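Asks: This is protein.pdb, which holds PDB, N, CA and C atoms:
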ATOM      1  N   MET Y 112      28.181  21.628  34.300  1.00  0.00           N
ATOM      2  CA  MET Y 112      27.647  22.297  35.465  1.00  0.00           C
ATOM      3  C   MET Y 112      26.198  21.859  35.688  1.00  0.00           C
ATOM      4  N   ASP Y 113      25.822  21.775  36.938  1.00  0.00           N
ATOM      5  CA  ASP Y 113      24.482  21.376  37.301  1.00  0.00           C
ATOM      6  C   ASP Y 113      23.467  22.381  36.758  1.00  0.00           C
ATOM      7  N   GLY Y 114      22.362  21.862  36.228  1.00  0.00           N
ATOM      8  CA  GLY Y 114      21.295  22.721  35.741  1.00  0.00           C
ATOM      9  C   GLY Y 114      21.417  23.130  34.288  1.00  0.00           C
ATOM     10  N   THR Y 115      22.447  22.669  33.601  1.00  0.00           N
ATOM     11  CA  THR Y 115      22.630  23.030  32.196  1.00  0.00           C
ATOM     12  C   THR Y 115      22.060  21.933  31.297  1.00  0.00           C
ATOM     13  N   ILE Y 116      21.880  22.273  30.032  1.00  0.00           N
ATOM     14  CA  ILE Y 116      21.412  21.284  29.053  1.00  0.00           C
ATOM     15  C   ILE Y 116      22.429  20.139  28.948  1.00  0.00           C
ATOM     16  N   SER Y 117      23.714  20.476  28.963  1.00  0.00           N
ATOM     17  CA  SER Y 117      24.752  19.434  28.892  1.00  0.00           C
ATOM     18  C   SER Y 117      24.625  18.451  30.052  1.00  0.00           C
ATOM     19  N   HIS Y 118      24.331  18.973  31.238  1.00  0.00           N
ATOM     20  CA  HIS Y 118      24.179  18.114  32.405  1.00  0.00           C
ATOM     21  C   HIS Y 118      22.960  17.208  32.235  1.00  0.00           C
ATOM     22  N   ALA Y 119      21.864  17.758  31.703  1.00  0.00           N
ATOM     23  CA  ALA Y 119      20.656  16.957  31.471  1.00  0.00           C
ATOM     24  C   ALA Y 119      20.932  15.841  30.470  1.00  0.00           C
ATOM     25  N   ILE Y 120      21.648  16.153  29.401  1.00  0.00           N
ATOM     26  CA  ILE Y 120      21.983  15.132  28.398  1.00  0.00           C
ATOM     27  C   ILE Y 120      22.866  14.059  29.020  1.00  0.00           C
ATOM     28  N   GLU Y 121      23.830  14.471  29.831  1.00  0.00           N
ATOM     29  CA  GLU Y 121      24.700  13.514  30.518  1.00  0.00           C
ATOM     30  C   GLU Y 121      23.887  12.561  31.381  1.00  0.00           C
ATOM     31  N   ARG Y 122      22.884  13.081  32.076  1.00  0.00           N
ATOM     32  CA  ARG Y 122      22.059  12.246  32.959  1.00  0.00           C
ATOM     33  C   ARG Y 122      21.099  11.346  32.186  1.00  0.00           C
ATOM     34  N   LEU Y 123      20.757  11.700  30.970  1.00  0.00           N
ATOM     35  CA  LEU Y 123      19.808  10.910  30.177  1.00  0.00           C
ATOM     36  C   LEU Y 123      20.452   9.702  29.497  1.00  0.00           C
ATOM     37  N   ARG Y 124      21.749   9.737  29.322  1.00  0.00           N
ATOM     38  CA  ARG Y 124      22.428   8.672  28.582  1.00  0.00           C
ATOM     39  C   ARG Y 124      22.160   7.271  29.134  1.00  0.00           C
ATOM     40  N   PRO Y 125      22.260   7.032  30.451  1.00  0.00           N
ATOM     41  CA  PRO Y 125      21.973   5.674  30.951  1.00  0.00           C
ATOM     42  C   PRO Y 125      20.524   5.251  30.686  1.00  0.00           C
ATOM     43  N   PHE Y 126      19.585   6.179  30.776  1.00  0.00           N
ATOM     44  CA  PHE Y 126      18.188   5.838  30.522  1.00  0.00           C
ATOM     45  C   PHE Y 126      17.978   5.482  29.050  1.00  0.00           C
ATOM     46  N   ALA Y 127      18.640   6.203  28.165  1.00  0.00           N
ATOM     47  CA  ALA Y 127      18.544   5.893  26.735  1.00  0.00           C
ATOM     48  C   ALA Y 127      19.129   4.515  26.444  1.00  0.00           C
ATOM     49  N   ALA Y 128      20.250   4.190  27.079  1.00  0.00           N
ATOM     50  CA  ALA Y 128      20.858   2.868  26.886  1.00  0.00           C
ATOM     51  C   ALA Y 128      19.931   1.766  27.392  1.00  0.00           C
ATOM     52  N   GLN Y 129      19.331   1.975  28.548  1.00  0.00           N
ATOM     53  CA  GLN Y 129      18.409   0.971  29.090  1.00  0.00           C
ATOM     54  C   GLN Y 129      17.176   0.828  28.216  1.00  0.00           C
ATOM     55  N   GLN Y 130      16.690   1.925  27.675  1.00  0.00           N
ATOM     56  CA  GLN Y 130      15.521   1.879  26.796  1.00  0.00           C
ATOM     57  C   GLN Y 130      15.835   1.063  25.538  1.00  0.00           C
ATOM     58  N   ALA Y 131      17.107   1.090  25.117  1.00  0.00           N
ATOM     59  CA  ALA Y 131      17.534   0.332  23.939  1.00  0.00           C
ATOM     60  C   ALA Y 131      17.864  -1.119  24.271  1.00  0.00           C
ATOM     61  N   GLY Y 132      17.709  -1.506  25.550  1.00  0.00           N
ATOM     62  CA  GLY Y 132      17.930  -2.890  25.932  1.00  0.00           C
ATOM     63  C   GLY Y 132      19.293  -3.193  26.517  1.00  0.00           C
ATOM     64  N   TYR Y 133      20.085  -2.179  26.774  1.00  0.00           N
ATOM     65  CA  TYR Y 133      21.404  -2.372  27.360  1.00  0.00           C
ATOM     66  C   TYR Y 133      21.360  -2.121  28.865  1.00  0.00           C
ATOM     67  N   TYR Y 134      22.392  -2.581  29.546  1.00  0.00           N
ATOM     68  CA  TYR Y 134      22.549  -2.323  30.966  1.00  0.00           C
ATOM     69  C   TYR Y 134      23.676  -1.325  31.168  1.00  0.00           C
ATOM     70  N   THR Y 135      23.536  -0.489  32.164  1.00  0.00           N
ATOM     71  CA  THR Y 135      24.590   0.463  32.481  1.00  0.00           C
ATOM     72  C   THR Y 135      25.341  -0.014  33.722  1.00  0.00           C
ATOM     73  N   ALA Y 136      26.566   0.457  33.859  1.00  0.00           N
ATOM     74  CA  ALA Y 136      27.389   0.067  35.007  1.00  0.00           C
ATOM     75  C   ALA Y 136      28.395   1.166  35.289  1.00  0.00           C
ATOM     76  N   PHE Y 137      28.952   1.120  36.490  1.00  0.00           N
ATOM     77  CA  PHE Y 137      30.032   2.012  36.863  1.00  0.00           C
ATOM     78  C   PHE Y 137      31.332   1.230  36.789  1.00  0.00           C
ATOM     79  N   VAL Y 138      32.329   1.811  36.198  1.00  0.00           N
ATOM     80  CA  VAL Y 138      33.657   1.222  36.159  1.00  0.00           C
ATOM     81  C   VAL Y 138      34.598   2.237  36.785  1.00  0.00           C
ATOM     82  N   MET Y 139      35.369   1.777  37.762  1.00  0.00           N
ATOM     83  CA  MET Y 139      36.282   2.705  38.424  1.00  0.00           C
ATOM     84  C   MET Y 139      37.548   1.988  38.858  1.00  0.00           C
ATOM     85  N   SER Y 140      38.574   2.771  39.035  1.00  0.00           N
ATOM     86  CA  SER Y 140      39.852   2.219  39.475  1.00  0.00           C
ATOM     87  C   SER Y 140      39.782   1.845  40.956  1.00  0.00           C
ATOM     88  N   ASP Y 141      40.761   1.082  41.405  1.00  0.00           N
ATOM     89  CA  ASP Y 141      40.829   0.724  42.826  1.00  0.00           C
ATOM     90  C   ASP Y 141      40.907   1.972  43.697  1.00  0.00           C
ATOM     91  N   HIS Y 142      41.701   2.937  43.247  1.00  0.00           N
ATOM     92  CA  HIS Y 142      41.869   4.171  44.020  1.00  0.00           C
ATOM     93  C   HIS Y 142      40.531   4.897  44.172  1.00  0.00           C
ATOM     94  N   PHE Y 143      39.830   5.081  43.070  1.00  0.00           N
ATOM     95  CA  PHE Y 143      38.559   5.786  43.134  1.00  0.00           C
ATOM     96  C   PHE Y 143      37.516   4.986  43.913  1.00  0.00           C
ATOM     97  N   SER Y 144      37.522   3.662  43.777  1.00  0.00           N
ATOM     98  CA  SER Y 144      36.535   2.862  44.506  1.00  0.00           C
ATOM     99  C   SER Y 144      36.740   2.967  46.021  1.00  0.00           C
ATOM    100  N   ARG Y 145      37.983   3.090  46.466  1.00  0.00           N
ATOM    101  CA  ARG Y 145      38.242   3.293  47.902  1.00  0.00           C
ATOM    102  C   ARG Y 145      37.660   4.624  48.370  1.00  0.00           C
ATOM    103  N   ILE Y 146      37.847   5.661  47.564  1.00  0.00           N
ATOM    104  CA  ILE Y 146      37.295   6.973  47.902  1.00  0.00           C
ATOM    105  C   ILE Y 146      35.768   6.905  47.944  1.00  0.00           C
ATOM    106  N   GLU Y 147      35.180   6.277  46.943  1.00  0.00           N
ATOM    107  CA  GLU Y 147      33.713   6.170  46.876  1.00  0.00           C
ATOM    108  C   GLU Y 147      33.172   5.376  48.059  1.00  0.00           C
ATOM    109  N   TYR Y 148      33.824   4.277  48.404  1.00  0.00           N
ATOM    110  CA  TYR Y 148      33.396   3.474  49.547  1.00  0.00           C
ATOM    111  C   TYR Y 148      33.444   4.293  50.832  1.00  0.00           C
ATOM    112  N   THR Y 149      34.532   5.031  51.015  1.00  0.00           N
ATOM    113  CA  THR Y 149      34.667   5.872  52.210  1.00  0.00           C
ATOM    114  C   THR Y 149      33.564   6.916  52.268  1.00  0.00           C
ATOM    115  N   ASN Y 150      33.269   7.556  51.139  1.00  0.00           N
ATOM    116  CA  ASN Y 150      32.207   8.560  51.097  1.00  0.00           C
ATOM    117  C   ASN Y 150      30.849   7.949  51.428  1.00  0.00           C
ATOM    118  N   LEU Y 151      30.555   6.793  50.863  1.00  0.00           N
ATOM    119  CA  LEU Y 151      29.263   6.142  51.131  1.00  0.00           C
ATOM    120  C   LEU Y 151      29.154   5.684  52.580  1.00  0.00           C
ATOM    121  N   ARG Y 152      30.247   5.178  53.117  1.00  0.00           N
ATOM    122  CA  ARG Y 152      30.235   4.754  54.520  1.00  0.00           C
ATOM    123  C   ARG Y 152      29.988   5.950  55.437  1.00  0.00           C
ATOM    124  N   THR Y 153      30.617   7.069  55.147  1.00  0.00           N
ATOM    125  CA  THR Y 153      30.402   8.285  55.933  1.00  0.00           C
ATOM    126  C   THR Y 153      28.957   8.728  55.842  1.00  0.00           C
ATOM    127  N   TYR Y 154      28.386   8.659  54.651  1.00  0.00           N
ATOM    128  CA  TYR Y 154      26.979   9.020  54.467  1.00  0.00           C
ATOM    129  C   TYR Y 154      26.074   8.146  55.329  1.00  0.00           C
ATOM    130  N   VAL Y 155      26.301   6.841  55.314  1.00  0.00           N
ATOM    131  CA  VAL Y 155      25.471   5.924  56.103  1.00  0.00           C
ATOM    132  C   VAL Y 155      25.652   6.181  57.598  1.00  0.00           C
ATOM    133  N   GLU Y 156      26.869   6.428  58.028  1.00  0.00           N
ATOM    134  CA  GLU Y 156      27.112   6.729  59.447  1.00  0.00           C
ATOM    135  C   GLU Y 156      26.377   8.006  59.859  1.00  0.00           C
ATOM    136  N   ASP Y 157      26.413   9.026  59.004  1.00  0.00           N
ATOM    137  CA  ASP Y 157      25.688  10.271  59.295  1.00  0.00           C
ATOM    138  C   ASP Y 157      24.185  10.024  59.350  1.00  0.00           C
ATOM    139  N   PHE Y 158      23.698   9.214  58.442  1.00  0.00           N
ATOM    140  CA  PHE Y 158      22.276   8.861  58.402  1.00  0.00           C
ATOM    141  C   PHE Y 158      21.858   8.197  59.713  1.00  0.00           C
ATOM    142  N   HIS Y 159      22.651   7.228  60.156  1.00  0.00           N
ATOM    143  CA  HIS Y 159      22.350   6.534  61.409  1.00  0.00           C
ATOM    144  C   HIS Y 159      22.437   7.477  62.606  1.00  0.00           C
ATOM    145  N   ARG Y 160      23.423   8.361  62.600  1.00  0.00           N
ATOM    146  CA  ARG Y 160      23.590   9.304  63.702  1.00  0.00           C
ATOM    147  C   ARG Y 160      22.344  10.178  63.868  1.00  0.00           C
ATOM    148  N   VAL Y 161      21.764  10.619  62.753  1.00  0.00           N
ATOM    149  CA  VAL Y 161      20.541  11.435  62.815  1.00  0.00           C
ATOM    150  C   VAL Y 161      19.424  10.636  63.465  1.00  0.00           C
ATOM    151  N   PHE Y 162      19.262   9.384  63.069  1.00  0.00           N
ATOM    152  CA  PHE Y 162      18.219   8.545  63.656  1.00  0.00           C
ATOM    153  C   PHE Y 162      18.437   8.355  65.154  1.00  0.00           C
ATOM    154  N   PHE Y 163      19.658   8.013  65.536  1.00  0.00           N
ATOM    155  CA  PHE Y 163      19.929   7.756  66.947  1.00  0.00           C
ATOM    156  C   PHE Y 163      19.854   9.024  67.788  1.00  0.00           C
ATOM    157  N   ASP Y 164      20.319  10.141  67.243  1.00  0.00           N
ATOM    158  CA  ASP Y 164      20.249  11.406  67.986  1.00  0.00           C
ATOM    159  C   ASP Y 164      18.816  11.837  68.250  1.00  0.00           C
ATOM    160  N   ARG Y 165      17.912  11.434  67.360  1.00  0.00           N
ATOM    161  CA  ARG Y 165      16.510  11.827  67.515  1.00  0.00           C
ATOM    162  C   ARG Y 165      15.651  10.709  68.103  1.00  0.00           C
ATOM    163  N   ASN Y 166      16.301   9.649  68.565  1.00  0.00           N
ATOM    164  CA  ASN Y 166      15.599   8.513  69.188  1.00  0.00           C
ATOM    165  C   ASN Y 166      14.521   7.924  68.280  1.00  0.00           C
ATOM    166  N   ILE Y 167      14.830   7.832  67.008  1.00  0.00           N
ATOM    167  CA  ILE Y 167      13.884   7.222  66.073  1.00  0.00           C
ATOM    168  C   ILE Y 167      14.530   6.031  65.375  1.00  0.00           C
ATOM    169  N   TYR Y 168      15.413   5.347  66.116  1.00  0.00           N
ATOM    170  CA  TYR Y 168      16.117   4.229  65.503  1.00  0.00           C
ATOM    171  C   TYR Y 168      15.223   3.015  65.307  1.00  0.00           C
ATOM    172  N   GLU Y 169      14.197   2.844  66.126  1.00  0.00           N
ATOM    173  CA  GLU Y 169      13.303   1.697  65.939  1.00  0.00           C
ATOM    174  C   GLU Y 169      12.577   1.744  64.593  1.00  0.00           C
ATOM    175  N   PRO Y 170      11.989   2.893  64.209  1.00  0.00           N
ATOM    176  CA  PRO Y 170      11.340   2.931  62.898  1.00  0.00           C
ATOM    177  C   PRO Y 170      12.310   2.662  61.749  1.00  0.00           C
ATOM    178  N   HIS Y 171      13.586   2.928  61.988  1.00  0.00           N
ATOM    179  CA  HIS Y 171      14.580   2.656  60.959  1.00  0.00           C
ATOM    180  C   HIS Y 171      14.552   1.177  60.574  1.00  0.00           C
ATOM    181  N   TYR Y 172      14.479   0.318  61.569  1.00  0.00           N
ATOM    182  CA  TYR Y 172      14.435  -1.110  61.270  1.00  0.00           C
ATOM    183  C   TYR Y 172      13.151  -1.475  60.550  1.00  0.00           C
ATOM    184  N   GLY Y 173      12.065  -0.832  60.908  1.00  0.00           N
ATOM    185  CA  GLY Y 173      10.815  -1.050  60.194  1.00  0.00           C
ATOM    186  C   GLY Y 173      10.915  -0.574  58.755  1.00  0.00           C
ATOM    187  N   LEU Y 174      11.648   0.499  58.531  1.00  0.00           N
ATOM    188  CA  LEU Y 174      11.843   1.025  57.187  1.00  0.00           C
ATOM    189  C   LEU Y 174      12.595   0.027  56.321  1.00  0.00           C
ATOM    190  N   VAL Y 175      13.633  -0.563  56.885  1.00  0.00           N
ATOM    191  CA  VAL Y 175      14.406  -1.562  56.150  1.00  0.00           C
ATOM    192  C   VAL Y 175      13.519  -2.770  55.826  1.00  0.00           C
ATOM    193  N   ASP Y 176      12.739  -3.225  56.777  1.00  0.00           N
ATOM    194  CA  ASP Y 176      11.827  -4.348  56.522  1.00  0.00           C
ATOM    195  C   ASP Y 176      10.811  -4.010  55.439  1.00  0.00           C
ATOM    196  N   GLU Y 177      10.297  -2.793  55.479  1.00  0.00           N
ATOM    197  CA  GLU Y 177       9.322  -2.363  54.465  1.00  0.00           C
ATOM    198  C   GLU Y 177       9.973  -2.301  53.084  1.00  0.00           C
ATOM    199  N   MET Y 178      11.187  -1.819  53.023  1.00  0.00           N
ATOM    200  CA  MET Y 178      11.891  -1.786  51.730  1.00  0.00           C
ATOM    201  C   MET Y 178      12.104  -3.192  51.192  1.00  0.00           C
ATOM    202  N   ARG Y 179      12.512  -4.102  52.064  1.00  0.00           N
ATOM    203  CA  ARG Y 179      12.713  -5.502  51.637  1.00  0.00           C
ATOM    204  C   ARG Y 179      11.390  -6.104  51.147  1.00  0.00           C
ATOM    205  N   ARG Y 180      10.307  -5.820  51.861  1.00  0.00           N
ATOM    206  CA  ARG Y 180       9.002  -6.361  51.478  1.00  0.00           C
ATOM    207  C   ARG Y 180       8.597  -5.855  50.096  1.00  0.00           C
ATOM    208  N   ARG Y 181       8.790  -4.566  49.853  1.00  0.00           N
ATOM    209  CA  ARG Y 181       8.389  -3.984  48.583  1.00  0.00           C
ATOM    210  C   ARG Y 181       9.271  -4.449  47.419  1.00  0.00           C
ATOM    211  N   LEU Y 182      10.520  -4.731  47.710  1.00  0.00           N
ATOM    212  CA  LEU Y 182      11.427  -5.157  46.648  1.00  0.00           C
ATOM    213  C   LEU Y 182      11.312  -6.638  46.326  1.00  0.00           C
ATOM    214  N   SER Y 183      10.697  -7.410  47.202  1.00  0.00           N
ATOM    215  CA  SER Y 183      10.604  -8.852  46.910  1.00  0.00           C
ATOM    216  C   SER Y 183       9.323  -9.203  46.175  1.00  0.00           C
TER
END
Written as structure tokens, how would this file's structure read?
Replies:
Amino acid sequence: MDGTISHAIERLRPFAAQQAGYYTAFVMSDHFSRIEYTNLRTYVEDFHRVFFDRNIYEPHYGLVDEMRRRLS
């Protein structure tokens, strides 16, 4: 359950692995990956809808450019 010590330990495991020099990854079945893809696509569509509904879609492109600049 969210907010419990068990949940905190569960969330710390990838960080502990990375601190030890390992990489973490997600492994999922085809069925679950389809569900996850659909959920993420819906999230992005909702995100874009908020921008377009509020007429702030231009700064969105600037945001993407800024993210690319900072990551390179």
Asks: Name the residues of chain Y that fall into alpha helix (DSSP H) according to DSSP on the backbone, using the chain letters and numbers of this document, as number ranges by chain.
Replies: Y: 116-130, 141-164, 168-182
Asks: Could you check how far atom CA of Leu174 of chain Y sits from atom CA of Val161 of chain Y, in Å to one decimal?
Replies: 14.7 Å
Asks: Grab the atom CA of Val138 of chain Y to atom CA of Pro125 of chain Y distance for me, in Å with one decimal place.
Replies: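 Taking atom CA of Val138 of chain Y as the start and atom CA of Pro125 of chain Y as the end point, the length is 13.5 Å.
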Asks: In Å, with one decimal, what is the gap from atom C of Leu182 of chain Y to atom N of Ala131 of chain Y?
Replies: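 Value for the atom C of Leu182 of chain Y-atom N of Ala131 of chain Y distance: 23.3 Å.
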